[in-house]
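Trainee: One structure coming up, written as C-alpha cells, with questions to follow.
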Amino acid sequence: MNAPTAPFVGISNPSLGPRSPSAVGHGVSDQFKHNADLALGDAKLQVALAEMRSSFRGRNEAARKGLPEFQAISNHARAIKEHVLANLDYYLERFEAKVKAAGGHVHWCNDAAEARDKVLAICRSAGARTVTKGKTMVGEEIAINHHLEANGILPVETDLGEYIIQLRGETPSHIIAPAIHVSKEGVADTFRAHHTDLDPNRPLAEIPAMLAEARGKLRARFLAADVGITGANFLIAETGSSVIVTNEGNGDLTQTLPKIHIVLAGIEKVVPTLEDATSIFRVLARSATGQEMSVYTTVSTGPRRAHDLDGPSEYHVILLDNGRSGVLGTEFEDMLRCIRCGACMDHCPVYHAIGGHAYGSVYPGPIGAVLTPALFGLKHSKDLPNASTLCGRCESVCPMQIPLPKMLRQWRERSFERHLAPARERWGIKAWAWLARHPQLYRWSTAVAARLLRRPATGRIRHLPLGRAWTAGRDFPASSGRTFQEQWRRRARP
C-alpha cells in the first residue's frame with residue numbers, strides 16, 4: 001500500500017475549548033463523580049431515563065429478532081470494518097481521488113483546531129452569515145458551533161433534537177437522541193422562551209404542535225443559509241460519496257439548498273463500496289432506533305453538475321484524525337469500528353442511572369468511556385472506564401461486536417500503572433494482590449472478615465468500614481458468616 005497523501009498524527013489530548021459558556025464538554029470528565037451525584041438527584045432526568053429504558057431497548061430487541069440473519073450480517077459488517085482499518089491509508093487515498101474527480105475538495109485535519117479553522121475559512125470564502133447543520137458528532141467533537149458564533153457566523157441545528165438542546169444551551173445526552181433528557185413539557189417551555197414572536201397562549205401540549213412550530217422556524221433558516229454542514233455515516237471509497245441516514249429529511253435540505261456543502265467525518269468512516277455500506281445499514285437502523293431502515297438514506301457525490309436542478313456549487317469533505325490514527329495497531333483499535341448507533345447506551349445500567357451529561361464528554365455511555373481517554377487523554381477522563389459494571393451487555397448488543405468490557409479493563413490498568421487512580425485505591429489493590437499470593441493467609445483473613453460481617457437481624461449492614469461510598473447510598477448485604485470456599489467444601493461433602 002502507498003502512504004497516505006496527508007500526515008496522520010495521533011493527538012493524545014487536543015484542546016477543544018468550550019462549545020458554549022454553559023455546556024458540559026471536554027475537560028469536565030474529571031468531574032464525573034460530582035456530575036453523577038447531580039444526575040442521580042435530578043427527578044426530571046430520572047423520569048426521562050426510565051422512559052428511555054422502556055422504549056429504545058424493547059424496539060431494538062424486537063428489530064433484531066425480526067431479522068433471523070442479523071448475526072450473520074453483523075459478522076460481515078465487522079469484517080468490512082476490520083478490512084478497512086487494516087488498509088485505511090489505501091481507502092482514504094482512493095476516496096480523496098474520487099472526490100476530486102467529481103469536482104469536490106478534501107481537507108486533511110490532524111486535530112480539532114485545524115478542522116475548526118478550515119470550516120471557518122470555507123464559510124468566510126462564501127461570505128456566510130448563517131450556517132445550517134445536520135446531525136454530526138464530529139461537529140460536537142470539534143466544538144464547531146461555538147467557534148462559528150465567536151467569529152460572527154450563526155450556526156443553526158436542523159435535527160429536531162439538536163435544535164431543542166441548542167436553544168437550551170446544552171450538549172447532546174445521547175448519540176442518536178440528543179434531547180432524550182428533555183420532557184415534552186420541557187420542550188414546550190423551551191419553545192415559549194425562545195419563539196417570543198409567536199402567540200404566548202398558543203397550544204403546545206401535543207407533539208404535532210411542537211413539530212409544526214419547529215418546522216416553521218427552521219424553514220426560513222434553510223432558505224437563508226449560505227453553507228450547510230453535515231456529518232457522514234459512511235464515506236464511499238469507490239465513488240467519493242458521503243452518506244447520511246436520517247429520519248427527518250433535514251439533512252437533505254442542509255446539503256442541497258446552500259451554495260456550499262461541508263462534510264465533517266472522522267477518518268474511520270470510510271468503507272470500500274456502496275454495497276459494503278448497505279450491508280452495515282441493515283444492522284445500523286435496527287440497533288439505533290429499532291427500525292428496519294431509516295426514513296432517508298442520502299448519498300452526495302461532489303458539487304452540482306451542469307444538468308443538476310439543485311445542489312451546492314462547492315462540496316468539501318473535512319477528514320478529521322484527532323487521535324484516531326494513534327489508536328490504529330493498538331489494543332483499542334476495535335473501537336474504530338463503532339457506527340454510532342447508541343445501542344450500548346440503551347442497554348447500559350450505568351447510563352440508565354445517570355444519563356449522558358454526567359460523562360462530561362461528547363461521547364457518553366460505554367463507547368464514550370473507551371473513546372474519550374483515547375481521543376482526549378486518560379488524565380482528564382480516568383473515572384469513565386470505572387463507570388461500568390462490566391456486565392457485558394454493551395458488547396452483546398453491539399452490531400460491530402466491539403469488546404467494550406475488555407477495553408474498559410485495559411483503561412483501568414493503564415490508569416493504575418500511571419498512578420492516576422487515588423492512592424487509597426492503588427494501595428488497596430496492591431494489598432489485595434499481595435494477600436491473594438499467600439493462599440493460607442488469604443483464607444484465614446477472609447474467614448475472619450466473613451464472621452465479622454455476619455448477618456445481623458435485618459440482614460443488611462448500614463455502615464461498612466472502608467465502604468462508606470457504598471453504604472452512603474444503600475445498605476450492604478450482610479455475610480452468612482462463612483466464606484464461599486467454606487460453603488463449597490461443605491456442599492461437596494458426601
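In the C-alpha cells, chains take letters A, B, ... by order of appearance, with residues numbered from 1 within each chain and ligands from 1 in the order shown.
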Residues of segment 187-287 of chain A within 7 Å of segment 153-166 of chain A: nearest atom pair and distance (Å, one decimal) for each, counting only C-alpha atoms, sorted by chain and number, as a Markdown table?

Mentor:
```
| residue | atom | partner | partner_atom | distance |
| --- | --- | --- | --- | --- |
| A:Val187 | CA | A:Ile164 | CA | 6.9 |
| A:Leu218 | CA | A:Thr158 | CA | 6.8 |
| A:Asn250 | CA | A:Thr158 | CA | 6.0 |
```

Trainee: Limited to N, CA and C atoms, could you put the picked residues into a file as a PDB file, in the first residue's frame?

Mentor:
```pdb
ATOM      1  N   VAL A 187     -39.767  20.734  26.459  1.00  0.00           N
ATOM      2  CA  VAL A 187     -39.642  21.237  25.086  1.00  0.00           C
ATOM      3  C   VAL A 187     -40.593  22.403  24.870  1.00  0.00           C
ATOM      4  N   LEU A 218     -37.576  26.592  11.292  1.00  0.00           N
ATOM      5  CA  LEU A 218     -36.394  26.133  10.563  1.00  0.00           C
ATOM      6  C   LEU A 218     -36.496  26.357   9.062  1.00  0.00           C
ATOM      7  N   ASN A 250     -34.094  16.638   7.262  1.00  0.00           N
ATOM      8  CA  ASN A 250     -33.375  17.900   7.420  1.00  0.00           C
ATOM      9  C   ASN A 250     -31.985  17.845   6.791  1.00  0.00           C
TER      10      ASN A 250
END
```

Trainee: Identify, on the basis of only C-alpha atoms, every residue whose closest approach to Glu114 of chain A does not exceed 10 Å; exclude the query and any residue fewer than 4 positions from it along the same chain; express the result as a PyMOL selection string.

Mentor: chain A and resi 107-110+118-120+142+318+320+322

Trainee: If DSSP is run on the backbone, what residues of segment 327-457 of chain A are alpha helix (DSSP H)? A reply as a PyMOL selection string would be ideal.

Mentor: chain A and resi 343-346+349-354+365-376+393-397+404-417+423-436+439-452

Trainee: May I have a table of the residues of segment 162-204 of chain A lying at most 9 Å from segment 361-380 of chain A, giving each one's closest pair of atoms and their distance in Å to one decimal, counting only C-alpha atoms, ordered by chain and ascending residue number, as a Markdown table?

Mentor:
```
| residue | atom | partner | partner_atom | distance |
| --- | --- | --- | --- | --- |
| A:Thr171 | CA | A:Val362 | CA | 7.8 |
| A:Pro172 | CA | A:Val362 | CA | 7.5 |
| A:Ser173 | CA | A:Pro364 | CA | 7.3 |
| A:His174 | CA | A:Pro364 | CA | 6.9 |
| A:Ile175 | CA | A:Tyr363 | CA | 7.2 |
```

Trainee: Do a neighbour search on Gln46 of chain A at 10 Å with only C-alpha atoms, toss out local chain neighbours closer than 6 positions, and write the hits as an MDAnalysis selection string.

Mentor: chainID A and resid 39:40 52 181 352:355

Trainee: I need the residue nearest Ile236 of chain A from this list: A:Ala97, A:Arg340, A:His307, A:Leu211. Use only C-alpha atoms for the distance.

Mentor: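 The closest residue to Ile236 of chain A is A:Ala97.
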
Trainee: Set the distance at 8 Å and use only C-alpha atoms: which residues neighbour segment 382-392 of chain A once local chain neighbours fewer than 4 positions away are removed? I'd like the list as a compact mmCIF listing (two decimals) with C-alpha atoms, in the first residue's frame.

Mentor:
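result12.txt, written as the output of this step:
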```txt
# COMPACT_ATOMS: atom_id res chain seq x y z
CA SER A 29 -14.88 14.37 32.53
CA ASP A 30 -12.64 14.72 35.59
CA PHE A 32 -17.66 12.62 36.62
CA LYS A 33 -18.40 11.61 40.20
CA PRO A 349 -27.27 0.15 33.60
CA VAL A 350 -24.88 2.97 34.45
CA TYR A 359 -19.87 11.73 31.47
CA PRO A 366 -19.77 2.60 27.33
CA ALA A 369 -15.85 5.64 28.30
CA VAL A 370 -13.50 3.94 25.82
CA PRO A 373 -9.49 8.53 27.03
CA LEU A 378 -6.73 9.47 30.11
CA SER A 396 -23.57 -8.38 23.38
CA LEU A 404 -16.08 -2.80 25.23
CA PRO A 405 -15.68 -4.51 28.65
CA LEU A 408 -12.61 -0.70 29.79
CA ARG A 409 -10.48 -3.08 31.86
CA TRP A 411 -8.01 1.58 30.51
CA ARG A 412 -8.35 0.76 34.20
CA SER A 415 -4.87 4.34 34.96
CA LEU A 420 -3.94 8.25 38.10
CA ALA A 421 -6.18 6.30 40.46
```

Trainee: Enumerate as a ChimeraX atom specification all residues of segment 211-332 of chain A assigned to strand (DSSP E) by DSSP on the backbone, naming them with the chain letters and numbers the document uses.

Mentor: /A:227-230,234-236,241-246,260-266,270-271,296-300,314-320

Trainee: Let's have the selection written as a compact mmCIF listing (two decimals), in the first residue's frame, with N, CA and C atoms.

Mentor:
```
# COMPACT_ATOMS: atom_id res chain seq x y z
N VAL A 227 -24.17 28.21 3.89
CA VAL A 227 -23.37 26.99 3.97
C VAL A 227 -24.17 25.95 4.75
N GLY A 228 -24.09 24.70 4.31
CA GLY A 228 -24.71 23.59 5.03
C GLY A 228 -23.63 22.62 5.49
N ILE A 229 -23.71 22.20 6.74
CA ILE A 229 -22.73 21.27 7.31
C ILE A 229 -23.46 19.99 7.72
N THR A 230 -22.94 18.87 7.29
CA THR A 230 -23.48 17.57 7.73
C THR A 230 -22.34 16.70 8.22
N PHE A 234 -21.15 7.24 6.43
CA PHE A 234 -20.16 6.50 5.66
C PHE A 234 -19.54 7.40 4.60
N LEU A 235 -18.30 7.13 4.28
CA LEU A 235 -17.61 7.72 3.13
C LEU A 235 -17.30 6.56 2.17
N ILE A 236 -17.71 6.68 0.93
CA ILE A 236 -17.60 5.58 -0.02
C ILE A 236 -16.35 5.75 -0.89
N SER A 241 -18.30 9.42 -2.40
CA SER A 241 -19.58 9.90 -1.88
C SER A 241 -19.58 9.94 -0.36
N SER A 242 -20.40 10.82 0.18
CA SER A 242 -20.71 10.80 1.61
C SER A 242 -22.17 10.37 1.75
N VAL A 243 -22.45 9.61 2.81
CA VAL A 243 -23.79 9.06 3.02
C VAL A 243 -24.27 9.43 4.42
N ILE A 244 -25.50 9.94 4.51
CA ILE A 244 -26.11 10.19 5.80
C ILE A 244 -27.43 9.45 5.87
N VAL A 245 -27.78 9.00 7.08
CA VAL A 245 -29.08 8.37 7.32
C VAL A 245 -29.81 9.22 8.35
N THR A 246 -31.04 9.62 8.02
CA THR A 246 -31.83 10.46 8.90
C THR A 246 -33.29 10.01 8.88
N ILE A 260 -22.79 25.97 -0.53
CA ILE A 260 -21.62 25.17 -0.15
C ILE A 260 -22.05 24.08 0.82
N HIS A 261 -21.60 22.87 0.57
CA HIS A 261 -21.85 21.73 1.46
C HIS A 261 -20.52 21.28 2.06
N ILE A 262 -20.44 21.27 3.40
CA ILE A 262 -19.25 20.79 4.12
C ILE A 262 -19.61 19.50 4.84
N VAL A 263 -18.81 18.48 4.63
CA VAL A 263 -18.98 17.19 5.31
C VAL A 263 -17.90 17.06 6.38
N LEU A 264 -18.31 16.81 7.62
CA LEU A 264 -17.37 16.57 8.72
C LEU A 264 -17.36 15.07 9.03
N ALA A 265 -16.20 14.44 8.95
CA ALA A 265 -16.15 13.00 9.18
C ALA A 265 -14.81 12.59 9.76
N GLY A 266 -14.85 11.61 10.65
CA GLY A 266 -13.62 11.00 11.13
C GLY A 266 -13.04 10.10 10.06
N VAL A 270 -14.69 5.70 6.37
CA VAL A 270 -14.61 5.24 5.00
C VAL A 270 -14.90 3.73 4.92
N VAL A 271 -15.62 3.33 3.86
CA VAL A 271 -15.84 1.92 3.54
C VAL A 271 -15.55 1.75 2.04
N TYR A 296 -34.69 8.23 5.58
CA TYR A 296 -33.90 8.82 4.49
C TYR A 296 -32.49 8.24 4.51
N THR A 297 -32.03 7.83 3.35
CA THR A 297 -30.62 7.49 3.14
C THR A 297 -30.15 8.32 1.96
N THR A 298 -29.28 9.28 2.22
CA THR A 298 -28.92 10.27 1.21
C THR A 298 -27.45 10.16 0.84
N VAL A 299 -27.19 10.04 -0.45
CA VAL A 299 -25.83 9.92 -0.98
C VAL A 299 -25.47 11.20 -1.73
N SER A 300 -24.35 11.81 -1.36
CA SER A 300 -23.87 13.03 -2.02
C SER A 300 -22.53 12.77 -2.67
N GLU A 314 -20.26 24.08 -4.29
CA GLU A 314 -18.99 23.59 -3.76
C GLU A 314 -19.26 22.45 -2.78
N TYR A 315 -18.37 21.45 -2.80
CA TYR A 315 -18.51 20.28 -1.94
C TYR A 315 -17.16 20.04 -1.26
N HIS A 316 -17.14 20.13 0.05
CA HIS A 316 -15.90 19.99 0.82
C HIS A 316 -16.05 18.86 1.83
N VAL A 317 -15.05 18.00 1.93
CA VAL A 317 -15.01 16.94 2.93
C VAL A 317 -13.83 17.20 3.85
N ILE A 318 -14.11 17.33 5.14
CA ILE A 318 -13.06 17.52 6.14
C ILE A 318 -12.85 16.20 6.85
N LEU A 319 -11.66 15.62 6.65
CA LEU A 319 -11.31 14.34 7.27
C LEU A 319 -10.54 14.61 8.55
N LEU A 320 -11.10 14.22 9.67
CA LEU A 320 -10.52 14.51 10.98
C LEU A 320 -9.82 13.29 11.57
```

Trainee: Excluding same-chain residues fewer than 2 positions from Ala447 of chain A, what lies within 12 Å of it counting only C-alpha atoms, as a list in words?

Mentor: Gln440, Leu441, Tyr442, Arg443, Trp444, Ser445, Ala449, Ala450, Arg451, Leu452, Leu453, Arg454, Ser479, Ser480, Gly481, Arg482, Thr483, Phe484, Gln485, Glu486 and Gln487 of chain A

Trainee: Residues of the last selection are to be written out with C-alpha atoms, as a compact mmCIF listing (two decimals), in the first residue's frame.

Mentor:
```
# COMPACT_ATOMS: atom_id res chain seq x y z
CA GLN A 440 -3.35 -19.73 53.58
CA LEU A 441 -3.29 -16.16 54.84
CA TYR A 442 -5.97 -15.22 52.30
CA ARG A 443 -8.28 -17.99 53.50
CA TRP A 444 -7.73 -17.05 57.15
CA SER A 445 -8.30 -13.31 56.63
CA ALA A 449 -13.92 -10.87 57.66
CA ALA A 450 -16.92 -13.10 56.89
CA ARG A 451 -17.52 -13.67 60.58
CA LEU A 452 -17.10 -10.00 61.47
CA LEU A 453 -19.69 -9.14 58.81
CA ARG A 454 -22.05 -11.87 59.97
CA SER A 479 -22.37 -12.07 55.28
CA SER A 480 -23.69 -15.51 56.12
CA GLY A 481 -20.66 -15.93 58.39
CA ARG A 482 -18.78 -18.33 56.12
CA THR A 483 -16.64 -17.74 53.03
CA PHE A 484 -17.55 -19.11 49.62
CA GLN A 485 -14.82 -21.74 49.83
CA GLU A 486 -16.08 -22.91 53.23
CA GLN A 487 -19.61 -23.23 51.91
```

Trainee: Which polymer residues have any atom within 8 Å of an atom of Glu141 of chain A, counting only C-alpha atoms, with same-chain residues fewer than 2 positions away left out, as a list in words?

Mentor: Leu16, Ala112, Met137, Val138, Gly139, Ala143, Ile144 and Val362 of chain A

Trainee: Sort by chain and increasing residue number a table of all residues of segment 369-449 of chain A within 9 Å of segment 67-86 of chain A, each with its closest pair of atoms and their distance in Å to one decimal, counting only C-alpha atoms, and write it as a Markdown table.

Mentor:
```
| residue | atom | partner | partner_atom | distance |
| --- | --- | --- | --- | --- |
| A:Cys398 | CA | A:Ser74 | CA | 8.9 |
| A:Pro399 | CA | A:Ser74 | CA | 5.5 |
| A:Met400 | CA | A:Arg78 | CA | 5.1 |
| A:Gln401 | CA | A:Arg78 | CA | 6.9 |
| A:Ile402 | CA | A:Arg78 | CA | 8.7 |
```

Trainee: I'd like the interatomic distance between atom CA of Ala177 of chain A and atom CA of Val295 of chain A, to a tenth of an Å.

Mentor: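 Distance reported for this atom pair: 15.6 Å.
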
Trainee: In Å, with one decimal, what is the gap from atom CA of Asp42 of chain A to atom CA of Phe476 of chain A?

Mentor: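 Those two atoms sit 24.0 Å apart.
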
Trainee: Which value, in Å to one decimal, gives the distance between atom CA of Thr136 of chain A and atom CA of Gln31 of chain A?

Mentor: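 Separating atom CA of Thr136 of chain A from atom CA of Gln31 of chain A is a distance of 25.2 Å.
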